Amino acid sequence: MTALTHSWYMTVRHLRALQRQPWWIAITLIQPIIYLVLYGQLFQRVVDLPGFEAANYVSYVTPGVVIMMALFGGGWNGMGIIFEMDNGVMDRFLVSPVSRVAIVAGRLIQMSILVVLQASLLLGLGLLMGAHFDGGAVGLLVLLVSAVLVAVPFGALSNAMALVIRRTESVIGASNFILLPMTFLSPVFMATSLMPPWIRAVARYNPVAWSVEAARSAMSTSPDWRAIAMRITLLVVLSAFSAMVATRAFRSYQRSA
Amino acid sequence: MIAAALRMVSKRFGEAVALDRVDFAVEAGEVVALVGPNGAGKTTALAILLGLRRPDDGTAEVFGVDPRQVRARLAVGVTPQESGFPPTLRVREIVELVRAHFPFAVPTDELLGRFRLDTIARRQAGGLSGGERRRLSVALAFAGDPAAIFLDEPTAGLDVESRRSVWAEIDRYSADGGTVLLTTHYLEEADHLASRLAIVDRGRVVAEGTPDALKGELSGDAIHVDLAQVVEERRVRAALSGVSAIRELSVEGAGVRARADNGATVVPAMITALESGGARVASVRVTRPSLDDVYLRHTGRTFSEADSGGAR
């Protein structure tokens with residue numbers, strides 16, 4: 001109960017901090033729009049490839065960009081922890097009775113709220129650009145859940161990495177090294193059936209691919225609910241595992257002091 | 001009841017020894033000051049008592065439990081050395097955030113008023129001056145109405161008025177039975193606030209006691225002589241060797257410090273001896289023993305000399 005209450009206090013403080021940075025909000029919301037417009041235009045002829053599974057590329061890529069933004073939002077989340085370690089804010093909380101779980105959970109909940117806002121904006125823009133989402137409200141809900149379930153584990157791992165490495169440059173390097181390949185080794189932009197065999201093989205084990213596939217299936221005319229449930233379950237397990245890693249990283253951070 | 005204790009605690013940072021078998025305790029209701037120059041090890045000692053650092057050897061406890069346990073953190077309000085705040089939160093929001101984690105917190109408006117933060121309650125922390133940040137940081141130590149407060153250099157960077165008002169709050173808290181452990185490198189602050197002092201030098205507690213008891217160890221007056229120019233120490237000592245009333249003597253640059261009973265009567269003989277030895281005297285002061293003298297006696301250095309040479 002305490003951890004939940006404290007997580008809420010921490011979430012509110014992060015949301016307040018976000019609300020006071022209008023330029024950051026603007027960039028956070030405009031960036032995915034630019035991605036959707038750019039990728040939607042750049043790859044619009046991809047649908048002409050034999051075997052491509054969609055007739056409209058904007059319909060196809062919108063869930064992909066939502067998941068990609070969730071992945072990047074999570075992947076960079078640890079930078080905030082480094083800022084707080086460097087500026088004494090972390091110590092301020094560590095000497096108070098704040099639950100340790102809440103220090104990371106507050107960041108992840110705020111990030112998840114942002115992911116949902118970004119996703120809603122992207123879906124609206126996708127519709128304006130001519131996309132069709134056949135899965136209805138349930139399909140959209142699965143997309144939002146899938147996006148959050150990508151953001152949370154990568155956010156938790158990013159926080160864990162920040163707590164262990166504690167250097168801005170190293171965390172930037174490691175995030176770049178991980179996030180872009182994770183995106184391109186998944187069907188964010190390209191149908192799985194058209195991927196080179198080795199990428200298709202790797203994508204089977206890529207959580208970004210699980211998320212995109214679950215969302216696309218739920219947003220299609222004939223969702224494969226068994227496959228969707230399987231992928232969502234895998235993402236939930238990954239989230240729980242990542243949260244455990246982040247908690248251990250926190251202990252390691254305190255042990256090493 | 002022991003409120004906080006370090007038991008034979010040692011801590012190193014690489015080759016540097018921050019604490020060397022430090023052993024001291026704070027009884028509930030006491031006001032204890034860890035006094036020492038920058039780099040003496042005070043902040044490390046406090047950081048271990050706050051659970052921010054782990055000792056290499058020895059143990060730390062707060063109200064009988066490990067400092068990292070929630071019970072310890074609920075019992076202690078803290079002003080860390082670094083006043084780190086989320087920069088976009090307003091002063092009132094920060095106070096409310098900290099209060100929210102304690103069961104019997106002081107009302108927000110009361111706390112803001114007591115620390116003269118009411119006029120800046122709507123300002124974001126990122127825009128506060130150094131003194132305002134410090135006042136906020138000290139106020140937060142009191143926010144949860146804890147059984148003890150640990151203050152790391154609580155008045156560093158504060159103007160005289162703010163310093164006095166922080167002292168008044170500490171006095172009031174202590175009069176109500178609260179336990180205070182503070183670090184300071186202002187000897188005047190330690191003298192004013194503390195019921196007991198622990199003088200820390202190079203990672204060790206070199207003296208401990210009430211300010212009066214420590215000063216009482218030094219009988220006689222301190223005679224401070226400023227020479228017009230720096231004179232070799234051996235020449236000064238040779239010149240003063242004939243003044244038998246001098247019991248202790250130290251020379252630093254152009255400053256000569258001596259201790260003697262009835263100091264005023266010794267001054268003429270000292271001036272004559274120094275001038276005869278070729279050292280021109282610029283000024284002379286006679287004072288009662290101070291904490292600076294206590295520090296000099298236990299460390300062999302004046303406090304200001306040690307403070308300017310501090311490493312951490």
# chains A, B, ... in the order shown; residues from 1 in each chain; ligands from 1
$ closest_atom_pairs --of "chain B" --to "chain A" --cutoff "10 Å" --atoms "only C-alpha atoms" --output "tab-separated table"
residue	atom	partner	partner_atom	distance
B:Ala47	CA	A:Val95	CA	9.2
B:Ile48	CA	A:Ala257	CA	9.3
B:Leu49	CA	A:Val95	CA	9.9
B:Leu50	CA	A:Val95	CA	6.1
B:Gly51	CA	A:Val95	CA	7.2
B:Leu52	CA	A:Ala257	CA	6.5
B:Arg53	CA	A:Ala257	CA	4.6
B:Arg54	CA	A:Ala257	CA	6.1
B:Pro55	CA	A:Ala257	CA	9.0
B:Pro67	CA	A:Val95	CA	9.0
B:Arg68	CA	A:Val95	CA	8.2
B:Gln69	CA	A:Pro97	CA	8.8
B:Val70	CA	A:Pro97	CA	5.8
B:Arg71	CA	A:Pro97	CA	8.2
B:Ala72	CA	A:Pro97	CA	8.5
B:Arg73	CA	A:Pro97	CA	5.1
B:Leu74	CA	A:Pro97	CA	5.5
B:Ala75	CA	A:Pro97	CA	9.0
B:Val76	CA	A:Ser96	CA	8.1
B:Gly77	CA	A:Ser96	CA	7.5
B:Val78	CA	A:Val95	CA	7.0
B:Thr79	CA	A:Arg92	CA	8.4
B:Pro80	CA	A:Arg92	CA	7.2
B:Gln81	CA	A:Gly88	CA	8.9
B:Glu82	CA	A:Gly88	CA	5.9
B:Ser83	CA	A:Gly88	CA	6.7
B:Gly84	CA	A:Gly88	CA	4.3
B:Phe85	CA	A:Val89	CA	5.2
B:Pro86	CA	A:Val89	CA	6.4
B:Pro87	CA	A:Ala17	CA	8.0
B:Thr88	CA	A:Ala17	CA	5.3
B:Leu89	CA	A:Ala17	CA	6.2
B:Arg90	CA	A:Arg16	CA	9.5
B:Glu93	CA	A:Arg13	CA	8.4
B:Ile94	CA	A:Arg13	CA	8.8
B:Glu96	CA	A:Tyr9	CA	9.9
B:Leu97	CA	A:Tyr9	CA	7.0
B:Val98	CA	A:Ser96	CA	7.6
B:Arg99	CA	A:Ser96	CA	9.8
B:Ala100	CA	A:Tyr9	CA	8.0
B:His101	CA	A:Pro97	CA	6.1
B:Phe102	CA	A:Pro97	CA	7.3
B:Gln124	CA	A:Arg20	CA	9.6
B:Ser137	CA	A:Arg92	CA	9.4
B:Leu140	CA	A:Arg92	CA	9.9
B:Ala141	CA	A:Ser96	CA	9.5
B:Gly144	CA	A:Ser96	CA	9.6
$ write_last_selection --atoms "C-alpha atoms" --output "PDB file, in the first residue's frame"
ATOM      1  CA  ALA B  47      26.271  10.114   5.000  1.00  0.00           C
ATOM      2  CA  ILE B  48      26.909   6.764   6.713  1.00  0.00           C
ATOM      3  CA  LEU B  49      24.376   7.601   9.425  1.00  0.00           C
ATOM      4  CA  LEU B  50      21.886   8.473   6.677  1.00  0.00           C
ATOM      5  CA  GLY B  51      22.476   5.240   4.812  1.00  0.00           C
ATOM      6  CA  LEU B  52      23.814   7.078   1.768  1.00  0.00           C
ATOM      7  CA  ARG B  53      27.186   5.401   2.181  1.00  0.00           C
ATOM      8  CA  ARG B  54      28.263   2.101   3.664  1.00  0.00           C
ATOM      9  CA  PRO B  55      31.169   1.839   6.061  1.00  0.00           C
ATOM     10  CA  PRO B  67      20.064   3.640   8.882  1.00  0.00           C
ATOM     11  CA  ARG B  68      18.618   2.234   5.629  1.00  0.00           C
ATOM     12  CA  GLN B  69      15.576   0.794   7.319  1.00  0.00           C
ATOM     13  CA  VAL B  70      12.322   2.691   6.894  1.00  0.00           C
ATOM     14  CA  ARG B  71      12.008   2.991  10.675  1.00  0.00           C
ATOM     15  CA  ALA B  72      15.250   4.967  10.783  1.00  0.00           C
ATOM     16  CA  ARG B  73      14.259   7.147   7.835  1.00  0.00           C
ATOM     17  CA  LEU B  74      10.890   7.936   9.407  1.00  0.00           C
ATOM     18  CA  ALA B  75      12.607   8.996  12.626  1.00  0.00           C
ATOM     19  CA  VAL B  76      15.080  11.419  11.063  1.00  0.00           C
ATOM     20  CA  GLY B  77      14.694  14.680   9.153  1.00  0.00           C
ATOM     21  CA  VAL B  78      17.658  15.572   6.991  1.00  0.00           C
ATOM     22  CA  THR B  79      19.415  18.523   5.445  1.00  0.00           C
ATOM     23  CA  PRO B  80      22.011  17.045   3.094  1.00  0.00           C
ATOM     24  CA  GLN B  81      25.104  18.991   2.104  1.00  0.00           C
ATOM     25  CA  GLU B  82      23.859  19.332  -1.490  1.00  0.00           C
ATOM     26  CA  SER B  83      20.486  21.066  -1.709  1.00  0.00           C
ATOM     27  CA  GLY B  84      19.162  19.095  -4.676  1.00  0.00           C
ATOM     28  CA  PHE B  85      15.537  19.685  -5.665  1.00  0.00           C
ATOM     29  CA  PRO B  86      13.492  18.838  -8.751  1.00  0.00           C
ATOM     30  CA  PRO B  87      14.081  22.168 -10.534  1.00  0.00           C
ATOM     31  CA  THR B  88      10.572  22.715 -11.924  1.00  0.00           C
ATOM     32  CA  LEU B  89       8.684  22.016  -8.701  1.00  0.00           C
ATOM     33  CA  ARG B  90       7.523  24.985  -6.668  1.00  0.00           C
ATOM     34  CA  GLU B  93       5.029  21.503  -3.782  1.00  0.00           C
ATOM     35  CA  ILE B  94       8.435  20.296  -2.578  1.00  0.00           C
ATOM     36  CA  GLU B  96       4.155  19.006   0.444  1.00  0.00           C
ATOM     37  CA  LEU B  97       5.930  16.148  -1.330  1.00  0.00           C
ATOM     38  CA  VAL B  98       8.339  15.612   1.584  1.00  0.00           C
ATOM     39  CA  ARG B  99       5.589  16.021   4.208  1.00  0.00           C
ATOM     40  CA  ALA B 100       3.426  13.432   2.458  1.00  0.00           C
ATOM     41  CA  HIS B 101       5.826  10.647   3.429  1.00  0.00           C
ATOM     42  CA  PHE B 102       5.651  11.279   7.188  1.00  0.00           C
ATOM     43  CA  GLN B 124      10.218  26.985  -8.812  1.00  0.00           C
ATOM     44  CA  SER B 137      16.639  22.387   2.600  1.00  0.00           C
ATOM     45  CA  LEU B 140      12.499  20.066   4.952  1.00  0.00           C
ATOM     46  CA  ALA B 141      14.452  18.464   7.821  1.00  0.00           C
ATOM     47  CA  GLY B 144       8.017  15.368   9.159  1.00  0.00           C
TER      48      GLY B 144
END
$ residues_around --residues "segment 55-69 of chain A" --least-positions-apart "6" --cutoff "7 Å" --atoms "only C-alpha atoms" --output "list in words"
Pro32, Leu36, Gly40, Gln44, Val47, Ala119, Leu122, Leu123, Gly126, Ala131, His132, Phe133, Leu143, Ala147, Thr183, Val188, Phe189, Val212, Ala215 and Arg216 of chain A
$ write_last_selection --atoms "C-alpha atoms" --output "short mmCIF file (atom, residue, chain, number, x, y, z; two decimals), in the first residue's frame"
data_model
loop_
_atom_site.label_atom_id
_atom_site.label_comp_id
_atom_site.auth_asym_id
_atom_site.auth_seq_id
_atom_site.Cartn_x
_atom_site.Cartn_y
_atom_site.Cartn_z
CA PRO A 32 6.19 11.25 -33.46
CA LEU A 36 4.59 9.29 -38.97
CA GLY A 40 4.22 7.31 -44.14
CA GLN A 44 4.09 4.54 -49.13
CA VAL A 47 2.46 -1.72 -50.13
CA ALA A 119 -0.31 7.19 -29.14
CA LEU A 122 -0.60 9.53 -33.58
CA LEU A 123 -3.83 7.59 -34.05
CA GLY A 126 -3.12 8.52 -38.82
CA ALA A 131 -5.58 5.21 -42.15
CA HIS A 132 -8.25 2.62 -41.31
CA PHE A 133 -8.14 0.76 -38.02
CA LEU A 143 -2.32 -1.07 -29.15
CA ALA A 147 2.88 0.27 -26.31
CA THR A 183 13.39 -1.10 -34.12
CA VAL A 188 7.71 -1.63 -37.25
CA PHE A 189 8.18 -0.50 -40.88
CA VAL A 212 3.82 -4.53 -32.94
CA ALA A 215 -1.27 -4.46 -31.84
CA ARG A 216 -1.55 -4.97 -35.62
#
$ residues_around --residues "segment 29-31 of chain A" --least-positions-apart "6" --cutoff "12 Å" --atoms "only C-alpha atoms" --output "PyMOL selection string"
chain A and resi 22-23+37-38+65-66+68-69+72-73+114-122+125
$ select_by_dssp --residues "segment 44-238 of chain A" --states "alpha helix (DSSP H)" --output "JSON, numbers by chain"
{"A": [57, 58, 59, 60, 61, 62, 63, 64, 65, 66, 67, 68, 69, 70, 71, 72, 73, 74, 75, 78, 79, 80, 81, 82, 83, 84, 85, 86, 89, 90, 91, 92, 93, 94, 100, 101, 102, 103, 104, 105, 106, 107, 108, 109, 110, 111, 112, 113, 114, 115, 116, 117, 118, 119, 120, 121, 122, 123, 124, 125, 126, 127, 128, 136, 137, 138, 139, 140, 141, 142, 143, 144, 145, 146, 147, 148, 149, 150, 151, 152, 153, 154, 155, 156, 157, 158, 159, 160, 161, 162, 163, 164, 165, 168, 169, 170, 171, 172, 173, 174, 175, 176, 177, 178, 179, 180, 181, 182, 183, 184, 197, 198, 199, 200, 201, 202, 203, 207, 208, 209, 210, 211, 212, 213, 214, 215, 216, 217, 218, 225, 226, 227, 228, 229, 230, 231, 232, 233, 234, 235, 236, 237, 238]}
$ closest_residue --among "A:Leu4, A:Val104, A:Ala227, A:Ala214" --to "Leu163 of chain A" --atoms "only C-alpha atoms"
A:Val104
$ residues_around --residues "Leu185 of chain A" --least-positions-apart "5" --cutoff "7 Å" --atoms "only C-alpha atoms" --output "list of chain:residue names"
A:Ile199, A:Val202, A:Ala203
$ residues_around --residues "segment 249-253 of chain B" --least-positions-apart "5" --cutoff "7 Å" --atoms "only C-alpha atoms" --output "count of residues only"
4
$ atom_distance --atom1 "atom CA of Ser146 of chain A" --atom2 "atom CA of Ala70 of chain A"
9.2 Å
$ residues_around --residues "segment 185-190 of chain B" --least-positions-apart "6" --cutoff "7 Å" --atoms "only C-alpha atoms" --output "number ranges by chain"
B: 33, 35-37, 291
$ residues_around --residues "Val200 of chain B" --least-positions-apart "6" --cutoff "10 Å" --atoms "only C-alpha atoms" --output "PyMOL selection string"
chain B and resi 19+22+33-37+39-42+45+183+206-208+295+298-299
$ atom_distance --atom1 "atom CA of Trp198 of chain A" --atom2 "atom CA of Val145 of chain A"
28.3 Å
$ closest_residue --among "A:Leu234, A:Leu128, A:Met161, A:Ile81" --to "Arg107 of chain A" --atoms "only C-alpha atoms"
A:Ile81
$ atom_distance --atom1 "atom CA of Met195 of chain A" --atom2 "atom CA of Val208 of chain A"
15.2 Å
$ closest_residue --among "A:Leu194, A:Ala209, A:Trp76, A:Pro153" --to "Pro181 of chain A" --atoms "only C-alpha atoms"
A:Ala209
